[in-house]
Protein chains: 2
Amino acid sequence: MVSINDIAKALGISASTVSRALKSHPDISLETRELVKAYAAKVNYRPNALALSLKRQRSQTIGLIIPEIVHHFFSSVISGIEELAYSKGYRLIICQSNEDEARERINLQALIDHRVDGILVSVSKHTEKYDHFEEAIRDGIPIVLFDRAADMLNTDKVLVDDYEGGLLAVNHLVSKGRKRIMHLAAPEAMSVGRQRRKGYLDGLKTHGIDFERDLIITCDSRDGVLENQESILKLAPEIDGIFAVNDNTAISVIQLLTAHGFKIPTDISVVGFGNDPIASLVSPRLTTIDQQGFTLGRQAVEVLIHRLERPSVAGSNQTRVIGVTLQVRESS
Amino acid sequence: MVSINDIAKALGISASTVSRALKSHPDISLETRELVKAYAAKVNYRPNALALSLKRQRSQTIGLIIPEIVHHFFSSVISGIEELAYSKGYRLIICQSNEDEARERINLQALIDHRVDGILVSVSKHTEKYDHFEEAIRDGIPIVLFDRAADMLNTDKVLVDDYEGGLLAVNHLVSKGRKRIMHLAAPEAMSVGRQRRKGYLDGLKTHGIDFERDLIITCDSRDGVLENQESILKLAPEIDGIFAVNDNTAISVIQLLTAHGFKIPTDISVVGFGNDPIASLVSPRLTTIDQQGFTLGRQAVEVLIHRLERPSVAGSNQTRVIGVTLQVRESS
DNA sequence: CGAGGCATTGAAAACGATTACTTTGTATAT
DNA sequence: ATATACAAAGTAATCGTTTTCAATGCCTCG
């Protein structure tokens, strides 16, 4: 790897002249400039980004902390992030928290140590204390939270309109004549799940349907469905609709019900959330709420870069909400 | 952000003393050491990884170039890579080539500019010339190719046993009494697809089945199935088995055949490749070849770090092959 | 002919850390 | 008393680049 100093020595001129010649600084004579450029090209000179970052106090690098990579929604978000970051000249350092608070803390610190210009975070499911983020924010490190945010954190956020999604799901089920709608919900602690549940509740209220506590079952995965199969099957004869907090749960419950003789959607209509690719491949094809992961990722980067490239005005945090749409298929 | 110099000034000692005190160098008196450590902790000092990288000529960072992130197999690989890299103290910079050669070249250059210690690459589908990789390898940059490699490139490789997968698929179909087996294949240019096809051909040969050129159709996606539906449907009545180069294609062809009255697996057995999560959710559930993306990712990092941490012996390139297994389900 | 201007270039500091090589002062040995 | 050893600290170079502030030499103008 050849450096500016190597070039300077080889040509018998100073490093500063080389540096200036390479960027066509007007102070440098045409002759020298050409000479330097020709030689640099010949030896395939490439500026050392590390040295530049140190000098400029700017690494043109964005850090990303994500709960898990192997997940269609999250990988879509990552793709959107990479895409826009790349086109804006930023590199992306990625860390996986594996839904673990301790790991999330280590990741955050590592990114700060690497002097990334800003950090994008989707908070781990099991994070209970937020002081690591609070401290970073206090220290002026630009942080944008996406999808999974914490209300208490005072920073930019880019979220999916989970509430609207819950509303859309219930409206749709009601429009299909469904009146007793079960909700397979995420644990209370998850902001995302809370919003979907709130949408569900408000949707019922709008249509004058009384909310029944028993119809909400905390169950947000394939395993969850298996664990709760008794209660689900006991209620099944009395209900005519299900809104599941995600597609996997929706598909699992459809399989469970089908296996026990229920007809979907004749007996029970089912709506999922996420529009995972599997939703259109299972049978019956799943009605679900589409959330644009790729767009979410792009917007998160956009917000972050906006922050990076303007003098940050205090208290000007923005929250963007990405719209969702209902995808009607065969399960409802 | 406080630096070693800031600490030195604040305590009225030299930067070198601070540096040594922080790492408990024996030259420094216990008193000074404690003093420095206490102050560093108080002001929350963190070493600047950029400066360290520059000094050490080692960034503890690995670069990754991957064709696309939103893809179950690739995202599994990324997860495996991140997992092991993280535990070995390396950070991961990720770049998406989007199956585009020009972009791949830019990504490679960017990673080199950032002085990553080594690079993991899965070659883009549309890459025709490999001189960018050859040059990097010649310059001594440690590169490990995974999954999609190019024979001509002389470097470490970690591959899926695609050949064995093709073989397993055909063996299985034959064991089910199938004799006229169609292959939905990837274009010749893709090493991965070539190996799977070779496994298919050798599998047929092993069982004394004559290979029929017409039974190989180049078609490796949902769109491909639609484009080739005429030829597929024309051949359908004469065949009794299909080996598709990936799960998506397998699922699409099952949908096509089912829609036209064929019974799967009664009339035609279908085997896919990849063991994507959808394979066990569609109906009939898809028989397929399981490829361990996560393991592949870990192994790729392992090989790379092995290279990084030993003095690289010339011509000692290794190629690791990750085993595959047959997952029998309902489609065969 | 000397002052001022301008075109070119170089020296040195800075970014943050490490480290080989002094330097300083004290204690021990001869 | 003097040479020697050693502990503890500081100086300066280095990694690769940028940039401020000279320095040099030449030309022009009065």
# chains A, B, ... in the order shown; residues from 1 in each chain; ligands from 1
>>> interface_residues(of="chain A", to="chain C", cutoff="9 Å", atoms="only C-alpha atoms (C1' of nucleotides)", output="number ranges by chain")
A: 13-17, 27-29, 51, 53-57
>>> write_last_selection(atoms="C-alpha atoms", output="CSV table (one decimal), in the first residue's frame")
chain,number,residue,atom,x,y,z
A,13,ILE,CA,8.8,16.7,-3.5
A,14,SER,CA,7.0,17.3,-0.2
A,15,ALA,CA,3.9,15.4,1.0
A,16,SER,CA,1.9,18.6,1.2
A,17,THR,CA,2.5,19.2,-2.5
A,27,ASP,CA,-1.6,26.6,-5.8
A,28,ILE,CA,0.1,23.7,-7.6
A,29,SER,CA,1.5,24.2,-11.1
A,51,ALA,CA,-6.1,8.3,8.3
A,53,SER,CA,-11.3,9.7,9.3
A,54,LEU,CA,-8.8,10.5,12.0
A,55,LYS,CA,-7.9,13.8,10.5
A,56,ARG,CA,-11.4,14.9,9.5
A,57,GLN,CA,-13.0,13.6,12.7
>>> interface_residues(of="chain B", to="chain A", cutoff="8 Å", atoms="only C-alpha atoms", output="PyMOL selection string")
chain B and resi 46-51+53-54+68-72+75-76+78-79+82-83+91-96+113-115+278+281-283
>>> atom_distance(atom1="CA of Asp240 (chain A)", atom2="CA of Arg329 (chain A)")
16.7 Å
>>> atom_distance(atom1="CA of Gly203 (chain A)", atom2="CA of Leu257 (chain A)")
24.3 Å
>>> closest_residue(among="A:Ala186, A:Ala300, A:Val18, A:Ala10", to="chain D", atoms="only C-alpha atoms (C1' of nucleotides)")
A:Val18
>>> residues_around(residues="region 187-191 of chain B", least_positions_apart="2", cutoff="10 Å", atoms="only C-alpha atoms (C1' of nucleotides)", output="PyMOL selection string")
chain B and resi 123-128+147-151+162+184-185+193-197+217-220
>>> write_last_selection(atoms="N, CA, C and O atoms", output="CSV table (one decimal), in the first residue's frame")
chain,number,residue,atom,x,y,z
B,123,VAL,N,-19.5,-14.0,-4.8
B,123,VAL,CA,-19.4,-13.3,-6.1
B,123,VAL,C,-20.8,-13.1,-6.7
B,123,VAL,O,-21.7,-14.0,-6.7
B,124,SER,N,-21.0,-11.9,-7.3
B,124,SER,CA,-22.3,-11.6,-7.9
B,124,SER,C,-22.5,-12.5,-9.1
B,124,SER,O,-21.6,-12.9,-9.8
B,125,LYS,N,-23.8,-12.7,-9.3
B,125,LYS,CA,-24.3,-13.6,-10.4
B,125,LYS,C,-23.8,-13.1,-11.8
B,125,LYS,O,-23.5,-13.8,-12.7
B,126,HIS,N,-23.7,-11.7,-11.9
B,126,HIS,CA,-23.4,-11.2,-13.2
B,126,HIS,C,-22.0,-10.7,-13.4
B,126,HIS,O,-21.6,-10.0,-14.3
B,127,THR,N,-21.1,-11.2,-12.5
B,127,THR,CA,-19.7,-10.9,-12.7
B,127,THR,C,-19.1,-11.8,-13.7
B,127,THR,O,-19.2,-13.0,-13.6
B,128,GLU,N,-18.5,-11.1,-14.7
B,128,GLU,CA,-17.8,-11.9,-15.8
B,128,GLU,C,-16.3,-11.9,-15.7
B,128,GLU,O,-15.7,-12.8,-16.1
B,147,ASP,N,-19.7,-19.7,-0.9
B,147,ASP,CA,-20.8,-20.1,-1.6
B,147,ASP,C,-20.6,-19.9,-3.1
B,147,ASP,O,-20.5,-20.9,-3.9
B,148,ARG,N,-20.5,-18.7,-3.6
B,148,ARG,CA,-20.3,-18.4,-5.0
B,148,ARG,C,-18.8,-18.1,-5.3
B,148,ARG,O,-18.4,-17.0,-4.9
B,149,ALA,N,-18.1,-19.1,-5.8
B,149,ALA,CA,-16.7,-18.8,-6.0
B,149,ALA,C,-16.4,-18.9,-7.5
B,149,ALA,O,-17.2,-19.3,-8.3
B,150,ALA,N,-15.2,-18.5,-7.9
B,150,ALA,CA,-14.8,-18.7,-9.3
B,150,ALA,C,-13.5,-19.6,-9.3
B,150,ALA,O,-12.6,-19.3,-8.5
B,151,ASP,N,-13.6,-20.6,-10.1
B,151,ASP,CA,-12.5,-21.6,-10.1
B,151,ASP,C,-11.1,-21.0,-10.3
B,151,ASP,O,-10.1,-21.4,-9.7
B,162,ASP,N,-22.8,-28.5,-3.3
B,162,ASP,CA,-23.9,-28.4,-4.2
B,162,ASP,C,-24.0,-29.7,-5.1
B,162,ASP,O,-25.1,-30.2,-5.4
B,184,LEU,N,-34.9,-28.2,-13.2
B,184,LEU,CA,-35.1,-26.7,-13.5
B,184,LEU,C,-33.8,-26.1,-13.0
B,184,LEU,O,-33.5,-26.1,-11.8
B,185,ALA,N,-33.0,-25.7,-13.9
B,185,ALA,CA,-31.6,-25.3,-13.7
B,185,ALA,C,-31.3,-23.9,-13.7
B,185,ALA,O,-32.0,-23.1,-14.3
B,193,GLY,N,-25.0,-23.4,-9.5
B,193,GLY,CA,-26.0,-24.1,-10.3
B,193,GLY,C,-25.3,-25.2,-11.1
B,193,GLY,O,-25.9,-26.3,-11.3
B,194,ARG,N,-24.1,-25.0,-11.6
B,194,ARG,CA,-23.4,-26.0,-12.4
B,194,ARG,C,-23.2,-27.2,-11.6
B,194,ARG,O,-23.3,-28.4,-12.1
B,195,GLN,N,-22.8,-27.1,-10.3
B,195,GLN,CA,-22.5,-28.2,-9.5
B,195,GLN,C,-23.8,-29.0,-9.2
B,195,GLN,O,-23.8,-30.2,-9.2
B,196,ARG,N,-24.9,-28.3,-9.0
B,196,ARG,CA,-26.1,-29.0,-8.7
B,196,ARG,C,-26.6,-29.8,-9.9
B,196,ARG,O,-27.0,-30.9,-9.8
B,197,ARG,N,-26.4,-29.2,-11.1
B,197,ARG,CA,-26.7,-29.9,-12.3
B,197,ARG,C,-25.8,-31.1,-12.5
B,197,ARG,O,-26.3,-32.2,-12.9
B,217,ILE,N,-34.4,-27.6,-18.1
B,217,ILE,CA,-34.9,-26.3,-18.5
B,217,ILE,C,-34.2,-25.2,-17.6
B,217,ILE,O,-34.2,-25.3,-16.4
B,218,THR,N,-33.7,-24.2,-18.3
B,218,THR,CA,-33.0,-23.1,-17.5
B,218,THR,C,-34.1,-22.2,-17.0
B,218,THR,O,-34.8,-21.5,-17.7
B,219,CYS,N,-34.2,-22.2,-15.7
B,219,CYS,CA,-35.4,-21.6,-15.0
B,219,CYS,C,-35.1,-21.7,-13.5
B,219,CYS,O,-35.2,-22.7,-12.9
B,220,ASP,N,-34.8,-20.5,-12.9
B,220,ASP,CA,-34.4,-20.6,-11.5
B,220,ASP,C,-35.1,-19.6,-10.6
B,220,ASP,O,-34.6,-19.1,-9.6
>>> interface_residues(of="chain D", to="chain B", cutoff="9 Å", atoms="only C-alpha atoms (C1' of nucleotides)", output="list in words")
DA7, DA8, DA9, DG10, DT14, DC15 and DG16 of chain D
>>> select_by_dssp(residues="region 24-214 of chain A", states="strand (DSSP E)", output="PyMOL selection string")
chain A and resi 61-66+91-96+118-121+143-146+156-160+181-185
>>> select_by_dssp(residues="region 68-198 of chain A", states="alpha helix (DSSP H)", output="count of residues only")
59
>>> residues_around(residues="Asp210 (chain A)", least_positions_apart="3", cutoff="12 Å", atoms="only C-alpha atoms (C1' of nucleotides)", output="ChimeraX atom specification")
/A:179-181,200-207,213-215
>>> write_last_selection(atoms="C-alpha atoms", output="mmCIF file, in the first residue's frame")
data_model
loop_
_atom_site.group_PDB
_atom_site.id
_atom_site.type_symbol
_atom_site.label_atom_id
_atom_site.label_comp_id
_atom_site.auth_asym_id
_atom_site.auth_seq_id
_atom_site.Cartn_x
_atom_site.Cartn_y
_atom_site.Cartn_z
ATOM 1 C CA LYS A 179 -67.768 -9.913 15.389
ATOM 2 C CA ARG A 180 -65.871 -11.995 17.885
ATOM 3 C CA ILE A 181 -62.260 -11.389 17.043
ATOM 4 C CA TYR A 200 -57.151 -3.739 17.648
ATOM 5 C CA LEU A 201 -58.909 -2.367 20.710
ATOM 6 C CA ASP A 202 -59.784 0.945 19.105
ATOM 7 C CA GLY A 203 -60.946 -0.873 15.996
ATOM 8 C CA LEU A 204 -63.379 -2.910 18.057
ATOM 9 C CA LYS A 205 -64.582 0.192 19.877
ATOM 10 C CA THR A 206 -65.201 2.055 16.619
ATOM 11 C CA HIS A 207 -67.542 -0.680 15.554
ATOM 12 C CA ARG A 213 -60.327 -9.854 27.885
ATOM 13 C CA ASP A 214 -60.335 -13.612 27.175
ATOM 14 C CA LEU A 215 -59.962 -13.049 23.487
#
>>> residues_around(residues="Ala250 (chain B)", least_positions_apart="5", cutoff="10 Å", atoms="only C-alpha atoms (C1' of nucleotides)", output="ChimeraX atom specification")
/B:184,220-222,225,242-245,255-256,270-273,279,286-288,331
>>> write_last_selection(atoms="N, CA, C and O atoms", output="mmCIF file, in the first residue's frame")
data_model
loop_
_atom_site.group_PDB
_atom_site.id
_atom_site.type_symbol
_atom_site.label_atom_id
_atom_site.label_comp_id
_atom_site.auth_asym_id
_atom_site.auth_seq_id
_atom_site.Cartn_x
_atom_site.Cartn_y
_atom_site.Cartn_z
ATOM 1 N N LEU B 184 -34.942 -28.181 -13.225
ATOM 2 C CA LEU B 184 -35.072 -26.742 -13.455
ATOM 3 C C LEU B 184 -33.767 -26.142 -12.981
ATOM 4 O O LEU B 184 -33.476 -26.133 -11.775
ATOM 5 N N ASP B 220 -34.794 -20.537 -12.914
ATOM 6 C CA ASP B 220 -34.417 -20.603 -11.499
ATOM 7 C C ASP B 220 -35.124 -19.587 -10.613
ATOM 8 O O ASP B 220 -34.574 -19.115 -9.622
ATOM 9 N N SER B 221 -36.362 -19.235 -11.001
ATOM 10 C CA SER B 221 -37.109 -18.289 -10.171
ATOM 11 C C SER B 221 -38.590 -18.424 -10.496
ATOM 12 O O SER B 221 -38.986 -19.125 -11.432
ATOM 13 N N ARG B 222 -39.381 -17.729 -9.705
ATOM 14 C CA ARG B 222 -40.832 -17.699 -9.945
ATOM 15 C C ARG B 222 -41.122 -17.178 -11.353
ATOM 16 O O ARG B 222 -41.908 -17.766 -12.100
ATOM 17 N N VAL B 225 -40.388 -19.714 -14.014
ATOM 18 C CA VAL B 225 -41.423 -20.740 -14.171
ATOM 19 C C VAL B 225 -42.550 -20.213 -15.046
ATOM 20 O O VAL B 225 -43.047 -20.901 -15.939
ATOM 21 N N ILE B 242 -39.280 -33.913 -10.474
ATOM 22 C CA ILE B 242 -38.619 -32.639 -10.790
ATOM 23 C C ILE B 242 -37.617 -32.330 -9.688
ATOM 24 O O ILE B 242 -37.917 -32.454 -8.501
ATOM 25 N N PHE B 243 -36.414 -31.958 -10.116
ATOM 26 C CA PHE B 243 -35.433 -31.432 -9.164
ATOM 27 C C PHE B 243 -35.201 -29.978 -9.545
ATOM 28 O O PHE B 243 -34.700 -29.688 -10.629
ATOM 29 N N ALA B 244 -35.616 -29.078 -8.662
ATOM 30 C CA ALA B 244 -35.469 -27.647 -8.950
ATOM 31 C C ALA B 244 -34.230 -27.118 -8.239
ATOM 32 O O ALA B 244 -33.908 -27.548 -7.133
ATOM 33 N N VAL B 245 -33.555 -26.187 -8.874
ATOM 34 C CA VAL B 245 -32.290 -25.676 -8.371
ATOM 35 C C VAL B 245 -32.433 -24.869 -7.086
ATOM 36 O O VAL B 245 -31.464 -24.652 -6.371
ATOM 37 N N GLN B 255 -47.045 -25.027 -7.736
ATOM 38 C CA GLN B 255 -48.284 -24.253 -7.887
ATOM 39 C C GLN B 255 -48.801 -24.340 -9.323
ATOM 40 O O GLN B 255 -49.990 -24.516 -9.566
ATOM 41 N N LEU B 256 -47.870 -24.228 -10.266
ATOM 42 C CA LEU B 256 -48.258 -24.294 -11.679
ATOM 43 C C LEU B 256 -48.885 -25.646 -11.990
ATOM 44 O O LEU B 256 -49.981 -25.730 -12.590
ATOM 45 N N VAL B 270 -41.535 -33.670 -6.352
ATOM 46 C CA VAL B 270 -40.716 -32.465 -6.532
ATOM 47 C C VAL B 270 -39.728 -32.308 -5.370
ATOM 48 O O VAL B 270 -40.098 -32.469 -4.209
ATOM 49 N N VAL B 271 -38.492 -32.008 -5.721
ATOM 50 C CA VAL B 271 -37.469 -31.735 -4.707
ATOM 51 C C VAL B 271 -36.857 -30.364 -4.989
ATOM 52 O O VAL B 271 -36.535 -30.062 -6.144
ATOM 53 N N GLY B 272 -36.723 -29.578 -3.953
ATOM 54 C CA GLY B 272 -36.111 -28.248 -4.107
ATOM 55 C C GLY B 272 -34.681 -28.245 -3.600
ATOM 56 O O GLY B 272 -34.055 -29.301 -3.445
ATOM 57 N N PHE B 273 -34.171 -27.062 -3.346
ATOM 58 C CA PHE B 273 -32.805 -26.942 -2.823
ATOM 59 C C PHE B 273 -32.717 -25.695 -1.954
ATOM 60 O O PHE B 273 -33.091 -24.610 -2.401
ATOM 61 N N ALA B 279 -40.268 -23.714 2.831
ATOM 62 C CA ALA B 279 -40.393 -25.100 2.378
ATOM 63 C C ALA B 279 -41.269 -25.925 3.308
ATOM 64 O O ALA B 279 -42.003 -26.817 2.862
ATOM 65 N N LEU B 286 -42.464 -29.080 1.246
ATOM 66 C CA LEU B 286 -41.467 -29.364 0.200
ATOM 67 C C LEU B 286 -40.269 -30.185 0.677
ATOM 68 O O LEU B 286 -39.601 -29.836 1.648
ATOM 69 N N THR B 287 -40.001 -31.257 -0.056
ATOM 70 C CA THR B 287 -38.762 -32.006 0.148
ATOM 71 C C THR B 287 -37.635 -31.168 -0.456
ATOM 72 O O THR B 287 -37.784 -30.612 -1.550
ATOM 73 N N THR B 288 -36.534 -31.060 0.273
ATOM 74 C CA THR B 288 -35.485 -30.168 -0.225
ATOM 75 C C THR B 288 -34.125 -30.541 0.358
ATOM 76 O O THR B 288 -34.030 -31.448 1.193
ATOM 77 N N SER B 331 -43.714 -33.413 -0.626
ATOM 78 C CA SER B 331 -43.769 -33.193 -2.081
ATOM 79 C C SER B 331 -43.094 -34.300 -2.885
ATOM 80 O O SER B 331 -42.950 -34.189 -4.095
#
>>> closest_residue(among="A:Glu302, A:Thr295, A:Gly177, A:Asn275", to="Ser332 (chain A)", atoms="only C-alpha atoms")
A:Gly177
>>> decode(residues="chain C", atoms="C-alpha atoms (C1' of nucleotides)", output="tab-separated table (two decimals), in the first residue's frame")
chain	number	residue	atom	x	y	z
C	1	DC	C1'	16.81	49.43	-7.91
C	2	DG	C1'	13.85	48.25	-4.17
C	3	DA	C1'	9.08	47.25	-2.75
C	4	DG	C1'	5.27	44.60	-3.46
C	5	DG	C1'	2.79	40.92	-5.61
C	6	DC	C1'	2.28	36.43	-7.09
C	7	DA	C1'	3.09	31.70	-8.16
C	8	DT	C1'	4.98	27.57	-6.10
C	9	DT	C1'	6.48	24.91	-2.76
C	10	DG	C1'	7.86	23.26	1.88
C	11	DA	C1'	7.84	22.81	7.07
C	12	DA	C1'	5.32	21.74	10.84
C	13	DA	C1'	1.34	20.87	13.56
C	14	DA	C1'	-2.62	18.26	14.11
C	15	DC	C1'	-5.81	14.02	14.51
C	16	DG	C1'	-4.97	9.86	18.85
C	17	DA	C1'	-2.32	6.39	20.11
C	18	DT	C1'	2.13	3.51	20.72
C	19	DT	C1'	6.95	2.72	21.57
C	20	DA	C1'	12.09	2.98	21.04
C	21	DC	C1'	15.06	5.85	23.04
C	22	DT	C1'	16.54	9.16	26.21
C	23	DT	C1'	16.74	11.60	30.67
C	24	DT	C1'	16.52	12.26	35.55
C	25	DG	C1'	17.18	11.08	40.02
C	26	DT	C1'	18.06	7.87	43.65
C	27	DA	C1'	20.15	3.82	45.70
C	28	DT	C1'	23.71	0.41	45.79
C	29	DA	C1'	28.37	-1.40	45.21
C	30	DT	C1'	33.29	-0.80	45.13
